[in-house]
Every structure is written in C-alpha cells, then in structure tokens.
Amino acid sequence: MTSAVKKIQRKSFISRDNELEFIEKGKISALAKGAILFQCITTITGIPGIGKTTLLKKVAEIAESFKLRWIQVSLGKNLSRKREEFFLFKEIAKLFEENDASEANRQIDEIHKMGQEERRMDQEGRRRFLNLYAKHLKKYLEAQPLILMVDDSHRLNETEKAIFEGIMERVCGTNRLLVVLAGRSYISWRSFELRRRTFQISLDHFDKEQFDNFLIAPRDDQLNDRIYRLTRGYPLASVQALEWVGENLNVTDPEFHQKLTDRETDLVLSLTDTILDNFILIDIPSRENRNLLKALLKYTSPLRRFDDGILSKLLKEVIAKEDSAVHPEKSSKYFWAMKTLTHLVVWDSPKTGYATDAAVRRLLALSMKYREKDIYLAIHEYMANFYKKAMNAAIEKDPSSPQSILYLLEFIFHHASFHAAKGEIQTWIEDIRSIILENFKGYKFRERNHFYEEYKKDEDIEELMGEEYPGILEIIKDHLQ
C-alpha cells in the first residue's frame, strides 16, 4: 500500500438515515415490544453496489442493540462455486431443534431430487412440507422473536420463491418474525395478502450534499466535485474511484489535480471494467454472454431512453456495421436479457421508455467516448436525426404535441453530445436556439411551460451546454407567453 492510500479516508456508511429510522422504529422496535407487525417483510432493492449489503449490516447492529436474535443468509455466489438449491431453507432449519431440523432437511432433499414437472404436479406433497416447516419455525418463534435477513434475494429460483412465499404466508401472522430481503429486484408475490404485508425500500445514489460527507481526508472540495461528477453519487463507483486515486496518485503532490486530469481516462476505463466485470455481470456464467451484455450496455449508454424498436434500429443502422458479434435480428432477445440479467435497465415513466441506470450509463458513455469515439459519435448523430424526424412527425400531426417536447429534449441532448465531442460548440448552440424557437411557434403556453420546466432540470443538457445554458434558459423564459 502506498503512502497516498493512507491519506485518503472515507466513511464506510452515509446517508441511509431515513431507511434505518423506519426499520428501527417501525419494525424492530415493534418486534421487540411484541406489538402487531402487519408488514412483516421489508424488501431493499437497488443496483449492484448501491449499498444493500451495507444496510443489512446496520440492521444487524440495531437488532443487537435491542438484544434480538438475527440471522443473515447470503445467496451470493461466484463463478467457481454454484450455490446449493434450497440453501436458504437449510440455513433457517439450523434454528430448529435437532429432530425438527432433520425432518425438515429430509423433506427438502426429497423435493431437491424431483424434476421440475414432478415438483409442479406434487401440490399435496408441497403443502405437507410447507405446513411441517412452518410448524417448526413457529415453534422456534414461540421462544423468541427473530429477524431474518436474506442478501441477494433476487437469486432465489422460481421453486425457492414459491416455497418461501408459502412459509411466509403461514408464519407472518405470528408477529414474531421480521424478514428483510435485499436484492437487485423486488420479489413479486403471487399472494395478495403477502403483497399487503410487504414494505418496499428502493435505494438510490447519493445526492451532492450526501456525497460531500463521504470523503473524510483530504478535505478537498475539488477532488470531491470531480469524483461526484464522474460517479454521480453511485456508491460502488465512488469507492472504486477513491481507491484508484489512492493507489495511483499522491494526494499531497502539489501537481495532484493536474495529474488526475491527465489520467482521468485511465480512471474511467478502470471504473467501468471493474464495475461491469466484478459486480454487475459477475453472475453470468458464460463469458460469451457476459461480453455480449457488456457490449450492449456500452452501445446503449449514449441513449437516455430506448425500447426494443429503437434498439433494433440502432443495431441495424449503426452497430452491426462496426461489430459483427451483434445481430440486429436478435434485438428482442438482447432487450430482454438487458432488463432481466443486468438489473440496470428499467422503465422510466417521464421519458416513456426504458433507461439504463443514469450513473452507470454516464460512466459507460464516457468510457466509450474515450475508447471508441467514432462509434460514440455515430450513435449520437444517428439518434439526433432519429429524434428530429420523430419530433417533426409529431408536430405535423399536432403542432402542440406533448410528445414532441420529449423528442425535442432528446434531440438537443444527442445533437449537443455529438458536436461537443467534436469541439464544435458555437455550431450546435445556434442550431438548438433556432429549433427551440421554431417549435415554440406551434406550442401553446402549456407546452412552452412544460418544455421550460423539463429543460430547467435536465442536468445532462446543462453540463453539455456549460456557460451557454443560462442564456438559452432565458430565451425560453422570454418566449413563454
């Protein structure tokens, strides 16, 4: 470890006070008092590296302070060791009395040996197992309440989910059990009653104020601002970035900030490779599939919204010409894989499309700009033309079309990104000013005000435009009436 590493100190935990307060006062305190605990399940969801496991550690500390028994079962695995099916239920069974545990494990092994079709058909056998397992768990809970924490709960397979749901249906009403599930995605219960008994917590990135409390030493606002600009408060990326800085640069060097500027490309490339390979795609067993998903995330990173149709067009018109490993006719399959396997691509209601997590997307786009600038430019140029055509078509049908506002914003983003990357600032500033005023001719006050409000909170466009941003904002404001 270099001397520079010792000089970078960060907090291990920040900014989850609201979530912890809710779990402590609303859940753990009630459990300790023997009060009614209707919502006996709390789910904590978020992308890899957002802080789910760290939050579970804090929940365990709170449980200790209340002198409550807790257990944590991690369903994580790496590529060299596959997790045993039904591992969760065998871990919980360790709490049972010896004979009860043996009986439960014997039935678990019998289910494990069955094929999928046999499991599905043997409904009576499943009911017997659920009743037996629930009886043993209730017996344990009569003696003492329990907090059960399950990390990486998204790794439960369909059979495991169904069994866990059946057990929870039978046990939740005891008011003696609090379950905290942490995973990349929310488990959708089939049971309406269990859905009512589940409270959801979704973790987000740190905002700038929270992030400013992350770095303890050195107290360097310039370093803080630079790391936040790169990571947008994504906890995993922030930690990795500070570690990289500590290992590769000397923060006491008078030329530190200039050297960090000179090596920003190295930092960004290291971040994206580490985050994708060691965290986000770690569960994908096939190297070929990992590389494909990595490429798809990279190619869609310049896009702030997309769907199956947009992805298909982009792959066909731009990407396939540069990458022979990508097949446009498989776009639907690719789209499904990106949503379900990476847990990064989710529906974005305001943009009426799917979007990759913003912090990860920005890092990947920056990495692509450094590594493959020609493709990066080609994607932005194609998408700018795509949204310009879509915007014109919407205006032709209805000059005050609300949809045209979305298309206009996306056009501005892609048009600005393309020319900014080429260093052609004045060209696109004038283009954007002209097209906004042209569209305003057909907009009524409602649409003009809607565009003004959306433009005002668009951080991507503000960053791209820099000093020109306030001037455009004033022009929009002057033309609202």
# chains A, B, ... in the order shown; residues from 1 in each chain; ligands from 1
$ residues_around --residues "Lys25 of chain A" --least-positions-apart "5" --cutoff "12 Å" --atoms "only C-alpha atoms" --output "VMD selection string"
chain A and resid 17 to 20 30 to 33 35 37 59 62 to 63 66
$ write_last_selection --atoms "C-alpha atoms" --output "mmCIF file, in the first residue's frame"
data_model
loop_
_atom_site.group_PDB
_atom_site.id
_atom_site.type_symbol
_atom_site.label_atom_id
_atom_site.label_comp_id
_atom_site.auth_asym_id
_atom_site.auth_seq_id
_atom_site.Cartn_x
_atom_site.Cartn_y
_atom_site.Cartn_z
ATOM 1 C CA ASP A 17 -30.720 7.523 7.935
ATOM 2 C CA ASN A 18 -34.353 7.612 6.777
ATOM 3 C CA GLU A 19 -34.346 3.935 5.826
ATOM 4 C CA LEU A 20 -32.699 2.882 9.086
ATOM 5 C CA ALA A 30 -42.398 -3.257 17.348
ATOM 6 C CA LEU A 31 -40.912 -6.753 17.183
ATOM 7 C CA ALA A 32 -39.029 -6.221 20.451
ATOM 8 C CA LYS A 33 -42.196 -4.989 22.200
ATOM 9 C CA ALA A 35 -46.572 -5.350 19.073
ATOM 10 C CA LEU A 37 -46.192 -6.292 12.924
ATOM 11 C CA VAL A 59 -29.904 -3.568 10.589
ATOM 12 C CA ILE A 62 -29.780 -2.302 15.523
ATOM 13 C CA ALA A 63 -31.050 -5.824 16.252
ATOM 14 C CA PHE A 66 -32.453 -4.451 21.055
#
$ select_by_dssp --residues "segment 172-370 of chain A" --states "alpha helix (DSSP H)" --output "ChimeraX atom specification"
/A:192-196,208-211,221-231,235-248,256-262,264-275,287-300,308-317,331-342,358-370
$ closest_residue --among "A:Lys139, A:Lys259, A:Lys27, A:Arg226" --to "Val180 of chain A" --atoms "only C-alpha atoms"
A:Lys27
$ residues_around --residues "segment 332-335 of chain A" --least-positions-apart "4" --cutoff "9 Å" --atoms "only C-alpha atoms" --output "number ranges by chain"
A: 292-293, 296, 307-309, 311-312, 328, 339-340
$ closest_residue --among "A:Leu480, A:Ile8, A:Ile429, A:Ala182" --to "Glu467 of chain A" --atoms "only C-alpha atoms"
A:Ile429
$ closest_atom_pairs --of "segment 163-208 of chain A" --to "segment 86-103 of chain A" --cutoff "12 Å" --atoms "only C-alpha atoms" --output "tab-separated table"
residue	atom	partner	partner_atom	distance
A:Ile163	CA	A:Phe89	CA	9.0
A:Phe164	CA	A:Phe89	CA	8.1
A:Glu165	CA	A:Phe89	CA	11.9
A:Ile167	CA	A:Phe89	CA	9.9
A:Met168	CA	A:Phe89	CA	12.0
A:Val179	CA	A:Ile92	CA	11.9
A:Leu181	CA	A:Leu88	CA	12.0
$ select_by_dssp --residues "segment 252-429 of chain A" --states "strand (DSSP E or B)" --output "list in words"
Phe306, Val345, Val346, Trp347, Asp348, Gly353, Tyr354, Ala355 and Thr356 of chain A
$ write_last_selection --atoms "C-alpha atoms" --output "PDB file, in the first residue's frame"
ATOM      1  CA  PHE A 306     -34.840   3.306 -25.644  1.00  0.00           C
ATOM      2  CA  VAL A 345     -32.433  -1.287 -17.409  1.00  0.00           C
ATOM      3  CA  VAL A 346     -35.811  -0.207 -16.043  1.00  0.00           C
ATOM      4  CA  TRP A 347     -38.909   1.624 -17.221  1.00  0.00           C
ATOM      5  CA  ASP A 348     -38.602   5.412 -16.985  1.00  0.00           C
ATOM      6  CA  GLY A 353     -39.144   4.399 -22.406  1.00  0.00           C
ATOM      7  CA  TYR A 354     -36.567   2.168 -20.797  1.00  0.00           C
ATOM      8  CA  ALA A 355     -33.378   3.640 -19.405  1.00  0.00           C
ATOM      9  CA  THR A 356     -30.120   2.296 -18.031  1.00  0.00           C
TER      10      THR A 356
END
$ closest_residue --among "A:Gln426, A:Ser270, A:Thr174, A:Ser238" --to "Gly49 of chain A" --atoms "only C-alpha atoms"
A:Ser238
$ residues_around --residues "Asp323 of chain A" --least-positions-apart "4" --cutoff "12 Å" --atoms "only C-alpha atoms" --output "list in words"
Leu292, Ala295, Leu296, Tyr299, Leu315, Lys316, Glu317, Val318, Ile319, His327, Pro328, Glu372 and Ile375 of chain A
$ write_last_selection --atoms "C-alpha atoms" --output "short mmCIF file (atom, residue, chain, number, x, y, z; two decimals), in the first residue's frame"
data_model
loop_
_atom_site.label_atom_id
_atom_site.label_comp_id
_atom_site.auth_asym_id
_atom_site.auth_seq_id
_atom_site.Cartn_x
_atom_site.Cartn_y
_atom_site.Cartn_z
CA LEU A 292 -22.30 -9.54 -25.28
CA ALA A 295 -21.16 -4.58 -25.39
CA LEU A 296 -24.92 -3.90 -25.41
CA TYR A 299 -23.67 0.70 -27.16
CA LEU A 315 -28.13 -2.15 -34.04
CA LYS A 316 -29.09 -2.44 -37.70
CA GLU A 317 -28.16 1.06 -38.86
CA VAL A 318 -25.04 1.72 -36.77
CA ILE A 319 -23.68 -1.01 -34.51
CA HIS A 327 -27.06 -9.43 -34.67
CA PRO A 328 -29.91 -6.93 -35.16
CA GLU A 372 -14.34 4.20 -29.30
CA ILE A 375 -18.86 4.74 -32.74
#
$ residues_around --residues "Gln403 of chain A" --least-positions-apart "4" --cutoff "10 Å" --atoms "only C-alpha atoms" --output "number ranges by chain"
A: 351-352, 390-391, 394-395, 398, 407-408, 447
$ closest_atom_pairs --of "segment 240-319 of chain A" --to "segment 357-365 of chain A" --cutoff "12 Å" --atoms "only C-alpha atoms" --output "JSON lines"
{"residue": "A:Ala241", "atom": "CA", "partner": "A:Leu363", "partner_atom": "CA", "distance": 11.5}
{"residue": "A:Glu264", "atom": "CA", "partner": "A:Leu363", "partner_atom": "CA", "distance": 11.7}
{"residue": "A:Thr265", "atom": "CA", "partner": "A:Leu363", "partner_atom": "CA", "distance": 10.9}
{"residue": "A:Leu267", "atom": "CA", "partner": "A:Leu363", "partner_atom": "CA", "distance": 10.5}
{"residue": "A:Val268", "atom": "CA", "partner": "A:Leu363", "partner_atom": "CA", "distance": 6.9}
{"residue": "A:Leu269", "atom": "CA", "partner": "A:Leu364", "partner_atom": "CA", "distance": 8.6}
{"residue": "A:Ser270", "atom": "CA", "partner": "A:Leu363", "partner_atom": "CA", "distance": 10.6}
{"residue": "A:Leu271", "atom": "CA", "partner": "A:Leu363", "partner_atom": "CA", "distance": 8.0}
{"residue": "A:Thr272", "atom": "CA", "partner": "A:Leu364", "partner_atom": "CA", "distance": 6.3}
{"residue": "A:Asp273", "atom": "CA", "partner": "A:Leu364", "partner_atom": "CA", "distance": 9.3}
{"residue": "A:Thr274", "atom": "CA", "partner": "A:Leu364", "partner_atom": "CA", "distance": 11.6}
{"residue": "A:Ile275", "atom": "CA", "partner": "A:Val360", "partner_atom": "CA", "distance": 8.9}
{"residue": "A:Leu276", "atom": "CA", "partner": "A:Val360", "partner_atom": "CA", "distance": 9.4}
{"residue": "A:Ile280", "atom": "CA", "partner": "A:Val360", "partner_atom": "CA", "distance": 10.2}
{"residue": "A:Lys294", "atom": "CA", "partner": "A:Leu364", "partner_atom": "CA", "distance": 9.7}
{"residue": "A:Ala295", "atom": "CA", "partner": "A:Leu364", "partner_atom": "CA", "distance": 10.1}
{"residue": "A:Leu296", "atom": "CA", "partner": "A:Leu364", "partner_atom": "CA", "distance": 10.7}
{"residue": "A:Leu297", "atom": "CA", "partner": "A:Leu364", "partner_atom": "CA", "distance": 7.6}
{"residue": "A:Lys298", "atom": "CA", "partner": "A:Leu364", "partner_atom": "CA", "distance": 5.7}
{"residue": "A:Tyr299", "atom": "CA", "partner": "A:Ala365", "partner_atom": "CA", "distance": 8.2}
{"residue": "A:Thr300", "atom": "CA", "partner": "A:Arg361", "partner_atom": "CA", "distance": 8.1}
{"residue": "A:Ser301", "atom": "CA", "partner": "A:Arg361", "partner_atom": "CA", "distance": 4.8}
{"residue": "A:Pro302", "atom": "CA", "partner": "A:Ala365", "partner_atom": "CA", "distance": 5.4}
{"residue": "A:Leu303", "atom": "CA", "partner": "A:Arg361", "partner_atom": "CA", "distance": 8.3}
{"residue": "A:Arg304", "atom": "CA", "partner": "A:Ala358", "partner_atom": "CA", "distance": 7.9}
{"residue": "A:Arg305", "atom": "CA", "partner": "A:Ala358", "partner_atom": "CA", "distance": 10.3}
